[in-house]
$ cat start-v6.csv   # CSV, C-alpha atoms
chain,number,residue,atom,x,y,z
A,1,MET,CA,72.1,134.7,84.2
A,2,ARG,CA,70.2,136.1,87.2
A,3,THR,CA,68.9,139.0,85.1
A,4,GLY,CA,67.6,136.6,82.6
A,5,MET,CA,65.9,134.5,85.3
A,6,ARG,CA,64.3,137.6,86.8
A,7,GLN,CA,63.0,138.6,83.3
A,8,ARG,CA,61.5,135.2,82.7
A,9,ASN,CA,59.8,135.2,86.1
A,10,TYR,CA,58.5,138.7,85.4
A,11,THR,CA,57.2,137.7,82.1
A,12,LEU,CA,55.5,134.6,83.5
A,13,ALA,CA,54.0,136.7,86.3
A,14,ILE,CA,52.5,139.1,83.8
A,15,GLY,CA,51.0,136.1,81.9
A,16,VAL,CA,49.6,134.6,85.1
A,17,THR,CA,48.0,137.9,86.1
A,18,ILE,CA,46.4,138.4,82.7
A,19,ALA,CA,45.2,134.8,82.5
A,20,VAL,CA,43.6,135.0,85.9
A,21,GLY,CA,42.0,138.4,85.2
A,22,VAL,CA,40.4,137.1,82.0
A,23,ALA,CA,39.3,133.9,83.6
A,24,ALA,CA,37.6,135.9,86.4
A,25,ILE,CA,35.8,138.1,83.9
A,26,MET,CA,34.6,135.0,82.0
A,27,GLY,CA,33.8,133.0,85.1
A,28,LEU,CA,35.8,130.0,84.1
A,29,THR,CA,35.7,126.9,86.3
A,30,VAL,CA,37.4,123.5,86.3
A,31,THR,CA,34.4,122.1,84.4
A,32,GLN,CA,34.7,124.7,81.6
A,33,ALA,CA,38.4,124.3,81.0
A,34,ALA,CA,40.3,121.4,79.3
A,35,ALA,CA,38.5,118.1,79.3
A,36,PHE,CA,41.5,116.1,80.4
A,37,PRO,CA,42.1,113.3,81.2
A,38,GLY,CA,40.0,111.6,78.6
A,39,GLU,CA,40.4,114.1,75.8
A,40,THR,CA,41.9,113.1,72.5
A,41,ALA,CA,45.5,113.9,71.3
A,42,GLN,CA,43.9,115.9,68.5
A,43,GLU,CA,42.2,118.1,71.1
A,44,MET,CA,45.6,118.8,72.7
A,45,ILE,CA,47.2,119.4,69.3
A,46,ASN,CA,44.5,122.0,68.6
A,47,ARG,CA,45.7,123.9,71.6
A,48,HIS,CA,49.4,123.3,71.7
A,49,GLY,CA,50.3,122.5,68.1
A,50,GLN,CA,52.1,119.4,66.8
A,51,PRO,CA,53.9,117.5,69.5
A,52,SER,CA,57.7,117.3,69.7
A,53,LEU,CA,57.6,113.5,70.1
A,54,PRO,CA,56.5,111.4,68.3
A,55,THR,CA,56.2,113.4,65.1
A,56,SER,CA,53.7,110.9,63.8
A,57,LEU,CA,51.5,108.2,65.4
A,58,GLN,CA,52.2,104.5,64.8
A,59,SER,CA,49.3,102.2,65.1
A,60,PRO,CA,49.7,99.0,67.2
A,61,SER,CA,49.5,95.7,65.3
A,62,VAL,CA,46.1,94.2,64.7
A,63,ALA,CA,47.1,91.3,67.0
A,64,ALA,CA,47.9,93.8,69.8
A,65,LEU,CA,44.6,95.6,69.3
A,66,GLN,CA,42.7,92.4,69.4
A,67,SER,CA,44.4,91.3,72.6
A,68,GLY,CA,42.3,93.8,74.5
A,69,LYS,CA,45.4,94.9,76.5
A,70,PRO,CA,45.9,98.6,76.9
A,71,ASN,CA,48.1,100.1,74.2
A,72,ALA,CA,49.7,103.4,75.2
A,73,VAL,CA,51.9,106.0,73.7
A,74,LEU,CA,53.8,108.9,75.4
A,75,VAL,CA,53.4,112.3,73.6
A,76,VAL,CA,55.6,115.2,74.5
A,77,TRP,CA,55.4,118.9,73.9
A,78,PHE,CA,58.8,120.3,74.9
A,79,GLN,CA,57.5,123.9,75.1
A,80,ALA,CA,53.7,124.1,75.5
A,81,LYS,CA,52.9,127.7,75.9
A,82,GLU,CA,49.3,127.9,77.3
A,83,TYR,CA,48.9,124.7,79.4
A,84,GLN,CA,46.3,125.0,82.2
A,85,PRO,CA,47.4,122.8,85.1
A,86,LEU,CA,44.5,121.0,86.7
A,87,SER,CA,42.2,123.0,84.4
A,88,LEU,CA,42.7,126.1,86.7
A,89,PRO,CA,42.2,129.6,85.2
A,90,ILE,CA,45.9,130.0,84.8
A,91,LYS,CA,48.2,129.3,81.9
A,92,MET,CA,51.8,128.1,82.2
A,93,GLU,CA,54.6,127.4,79.8
A,94,GLY,CA,56.7,124.2,80.0
A,95,ARG,CA,57.2,120.6,79.1
A,96,VAL,CA,54.0,118.6,78.9
A,97,VAL,CA,54.3,114.8,78.9
A,98,THR,CA,51.0,112.9,78.3
A,99,SER,CA,50.2,109.2,78.2
A,100,PHE,CA,47.5,108.4,75.7
A,101,ARG,CA,45.7,105.0,75.3
A,102,PHE,CA,44.5,103.7,71.9
A,103,ASP,CA,40.8,103.1,71.4
A,104,GLY,CA,41.4,99.6,70.2
A,105,ALA,CA,37.9,98.9,69.1
A,106,ALA,CA,37.6,102.1,67.1
A,107,VAL,CA,40.9,101.4,65.3
A,108,LEU,CA,39.9,97.9,64.5
A,109,ARG,CA,36.7,99.1,63.0
A,110,LYS,CA,38.6,101.5,60.8
A,111,ILE,CA,40.9,98.8,59.6
A,112,ALA,CA,38.0,96.5,58.8
A,113,ARG,CA,36.6,99.3,56.6
A,114,GLY,CA,39.8,99.5,54.8
A,115,GLU,CA,40.9,102.8,56.3
A,116,GLN,CA,44.3,103.6,57.6
A,117,GLY,CA,45.3,102.8,61.2
A,118,ALA,CA,45.1,105.0,64.3
A,119,ALA,CA,45.0,108.8,64.1
A,120,TRP,CA,45.4,111.4,66.8
A,121,THR,CA,41.6,111.3,67.3
A,122,ASP,CA,41.9,107.6,68.3
A,123,VAL,CA,44.0,108.0,71.4
A,124,ARG,CA,42.7,109.5,74.7
A,125,SER,CA,44.6,111.0,77.6
A,126,ASP,CA,45.3,108.7,80.5
A,127,PHE,CA,47.5,111.1,82.6
A,128,GLU,CA,49.3,114.4,82.0
A,129,ASN,CA,52.4,115.9,83.4
A,130,LEU,CA,53.7,119.5,83.3
A,131,PHE,CA,57.3,120.5,84.2
A,132,THR,CA,58.1,124.2,84.6
A,133,SER,CA,59.6,126.9,86.8
A,134,LEU,CA,57.7,129.1,89.2
A,135,SER,CA,58.6,131.8,91.7
A,136,LEU,CA,57.3,131.4,95.3
A,137,SER,CA,54.6,134.0,94.7
A,138,GLN,CA,53.4,132.2,91.5
A,139,PHE,CA,53.2,128.9,93.4
A,140,GLU,CA,51.2,130.6,96.1
A,141,GLU,CA,48.8,131.9,93.5
A,142,PHE,CA,48.5,128.3,92.1
A,143,LEU,CA,47.6,127.1,95.6
A,144,ARG,CA,45.0,129.8,96.0
A,145,LEU,CA,43.3,129.0,92.7
A,146,LEU,CA,43.5,125.3,93.5
A,147,LYS,CA,41.3,125.6,96.6
A,148,LYS,CA,38.1,126.3,94.6
A,149,ASP,CA,37.8,122.9,92.8
A,150,TRP,CA,40.4,120.8,94.5
A,151,THR,CA,41.2,119.5,98.0
A,152,VAL,CA,44.8,118.9,99.1
A,153,VAL,CA,44.7,115.6,101.0
A,154,LYS,CA,48.4,115.2,101.8
A,155,LYS,CA,51.6,117.3,101.9
A,156,THR,CA,54.9,115.5,102.4
A,157,PRO,CA,58.1,117.5,103.0
A,158,HIS,CA,61.4,116.1,101.7
A,159,SER,CA,64.8,117.2,102.8
A,160,ASP,CA,67.4,115.9,100.3
A,161,PRO,CA,66.9,118.0,98.2
A,162,PRO,CA,64.3,120.1,100.0
A,163,TYR,CA,60.9,120.1,98.3
A,164,ASP,CA,57.2,119.5,99.1
A,165,LEU,CA,55.1,116.8,97.5
A,166,TYR,CA,51.3,117.4,97.5
A,167,GLU,CA,48.4,115.0,96.7
A,168,ALA,CA,45.0,116.4,95.8
A,169,VAL,CA,41.6,115.3,94.6
A,170,SER,CA,39.0,117.2,92.6
A,171,ARG,CA,35.9,118.2,94.5
A,172,ASP,CA,33.8,115.9,92.3
A,173,GLY,CA,36.1,113.0,93.1
A,174,LYS,CA,36.8,112.2,89.4
A,175,LEU,CA,40.4,113.3,89.2
A,176,THR,CA,43.5,112.9,91.4
A,177,ALA,CA,46.7,115.0,91.2
A,178,GLU,CA,50.2,115.1,92.5
A,179,PHE,CA,52.4,118.2,92.4
A,180,SER,CA,55.7,119.2,93.9
A,181,PHE,CA,57.4,122.6,94.4
A,182,ARG,CA,61.1,123.2,95.1
A,183,THR,CA,62.4,126.6,96.3
A,184,PRO,CA,63.9,128.4,93.3
A,185,GLY,CA,67.7,127.9,93.2
A,186,VAL,CA,67.6,124.5,94.9
A,187,PRO,CA,69.2,122.0,92.5
A,188,SER,CA,66.9,119.4,90.8
A,189,PRO,CA,67.1,115.8,92.0
A,190,SER,CA,68.0,114.9,88.4
A,191,ALA,CA,70.4,117.8,87.8
A,192,SER,CA,73.4,115.6,88.1
A,193,ASP,CA,72.0,112.9,85.8
A,194,PRO,CA,74.0,113.0,82.5
A,195,TYR,CA,70.9,112.4,80.4
A,196,TYR,CA,67.9,113.9,82.1
A,197,GLY,CA,69.7,116.7,83.8
A,198,GLY,CA,71.1,118.0,80.6
A,199,LYS,CA,68.4,117.3,78.0
A,200,PHE,CA,65.3,117.6,80.1
A,201,PRO,CA,65.6,120.2,82.8
A,202,ASP,CA,62.5,119.9,84.9
A,203,GLY,CA,62.3,123.3,86.6
A,204,ASN,CA,61.2,123.5,90.2
A,205,PHE,CA,57.5,122.7,89.7
A,206,TRP,CA,55.8,119.5,88.5
A,207,VAL,CA,52.2,118.5,88.4
A,208,ARG,CA,50.4,115.3,87.3
A,209,VAL,CA,46.7,114.7,86.8
A,210,GLN,CA,44.8,111.5,86.1
A,211,ARG,CA,41.4,109.9,86.5
A,212,THR,CA,40.7,108.5,90.0
A,213,GLY,CA,41.6,104.9,90.2
A,214,SER,CA,44.0,104.9,87.2
A,215,SER,CA,47.2,103.0,87.6

$ encode --input "start-v6.csv" --output "structure tokens"
Amino acid sequence: MRTGMRQRNYTLAIGVTIAVGVAAIMGLTVTQAAAFPGETAQEMINRHGQPSLPTSLQSPSVAALQSGKPNAVLVVWFQAKEYQPLSLPIKMEGRVVTSFRFDGAAVLRKIARGEQGAAWTDVRSDFENLFTSLSLSQFEEFLRLLKKDWTVVKKTPHSDPPYDLYEAVSRDGKLTAEFSFRTPGVPSPSASDPYYGGKFPDGNFWVRVQRTGSS
């Protein structure tokens, strides 16, 4: 088991090194990477392939769309392979959970024209989460890259189990983020949960990004 974990960490480390090297050569910045939040589900599908859940998009009812209330859907990629957390020049593999909101006005216009309901192009990202595993050195590299376009505004240590929760804001003030890191080997807070602990292992690193002011 330990050999397998070392091999996975070694593989991820190589991937991180290559991604950072290529990004440095190309001069990538946060503004040149993924356009999240606000990008469409189709844009994410173009990068990560078809989502694991849901396999197809169900349009809200006309009444729900006309109500003007936000209509959202969670979309999950259980094994996204080249996710760029916070649009940093680094690629990680893990579970991506994204909340998309329907563009109600656009969907209603389509229905009025006799077209089918909502498509993946009609929902835009509200917030995104990545769950994965990182070694201490990989997390330190993440923090180093973060400093260019983000500012950590708060760090909160927790003791049971021990992990650190960070809050950050992009330099342009348009995005906020939260992320947590738990020392490898320390059990997950959800490890003993019979549902989430078994079906959705969350690794030791989690990051969430959303527009400033989003609830």

$ closest_residue --input "start-v6.csv" --among "A:Ala112, A:Val186, A:Leu53, A:Val152" --to "Ser133 (chain A)" --atoms "all atoms listed in the file"
A:Val186

$ closest_residue --input "start-v6.csv" --among "A:Gly117, A:Pro85, A:Pro184, A:Gly104" --to "Lys69 (chain A)" --atoms "all atoms listed in the file"
A:Gly104

$ atom_distance --input "start-v6.csv" --atom1 "CA of Asp160 (chain A)" --atom2 "CA of Thr183 (chain A)"
12.5 Å

$ atom_distance --input "start-v6.csv" --atom1 "CA of Thr121 (chain A)" --atom2 "CA of Met92 (chain A)"
24.7 Å

$ residues_around --input "start-v6.csv" --residues "Arg47 (chain A)" --least-positions-apart "6" --cutoff "12 Å" --atoms "only C-alpha atoms" --output "list of chain:residue names"
A:Ala33, A:Ala34, A:Glu39, A:Thr40, A:Ala41, A:Trp77, A:Ala80, A:Lys81, A:Glu82, A:Tyr83, A:Gln84, A:Lys91

$ decode --input "start-v6.csv" --residues "region 84-130 of chain A" --atoms "C-alpha atoms" --output "short mmCIF file (atom, residue, chain, number, x, y, z; two decimals), in the first residue's frame"
data_model
loop_
_atom_site.label_atom_id
_atom_site.label_comp_id
_atom_site.auth_asym_id
_atom_site.auth_seq_id
_atom_site.Cartn_x
_atom_site.Cartn_y
_atom_site.Cartn_z
CA GLN A 84 -6.05 23.84 -12.69
CA PRO A 85 -6.91 24.90 -9.13
CA LEU A 86 -7.47 28.67 -8.92
CA SER A 87 -6.27 28.84 -12.56
CA LEU A 88 -2.68 28.38 -11.39
CA PRO A 89 -0.07 27.03 -13.83
CA ILE A 90 -0.34 23.60 -12.27
CA LYS A 91 -2.52 20.61 -13.12
CA MET A 92 -4.01 18.19 -10.60
CA GLU A 93 -6.07 15.02 -10.80
CA GLY A 94 -9.04 14.46 -8.53
CA ARG A 95 -12.77 14.81 -7.96
CA VAL A 96 -14.27 18.08 -9.23
CA VAL A 97 -17.70 19.17 -8.00
CA THR A 98 -19.15 22.25 -9.67
CA SER A 99 -22.40 24.14 -9.12
CA PHE A 100 -23.84 25.58 -12.32
CA ARG A 101 -26.74 28.03 -12.61
CA PHE A 102 -29.16 27.94 -15.52
CA ASP A 103 -29.40 31.01 -17.73
CA GLY A 104 -33.19 31.12 -17.35
CA ALA A 105 -33.79 33.89 -19.88
CA ALA A 106 -31.75 32.12 -22.56
CA VAL A 107 -33.52 28.80 -21.98
CA LEU A 108 -36.95 30.45 -22.14
CA ARG A 109 -36.04 32.09 -25.45
CA LYS A 110 -35.04 28.70 -26.83
CA ILE A 111 -38.31 27.14 -25.70
CA ALA A 112 -40.27 30.02 -27.25
CA ARG A 113 -38.54 29.30 -30.56
CA GLY A 114 -39.62 25.67 -30.32
CA GLU A 115 -36.13 24.40 -29.52
CA GLN A 116 -35.29 21.84 -26.86
CA GLY A 117 -34.66 22.90 -23.28
CA ALA A 118 -31.38 23.64 -21.57
CA ALA A 119 -28.08 22.39 -22.95
CA TRP A 120 -24.62 22.34 -21.35
CA THR A 121 -24.00 25.76 -22.92
CA ASP A 122 -26.91 27.22 -20.91
CA VAL A 123 -25.44 26.71 -17.44
CA ARG A 124 -22.57 28.72 -15.99
CA SER A 125 -20.24 27.89 -13.13
CA ASP A 126 -21.15 29.38 -9.76
CA PHE A 127 -18.46 27.69 -7.68
CA GLU A 128 -16.02 24.83 -8.13
CA ASN A 129 -14.44 22.33 -5.72
CA LEU A 130 -11.47 20.00 -6.16
#
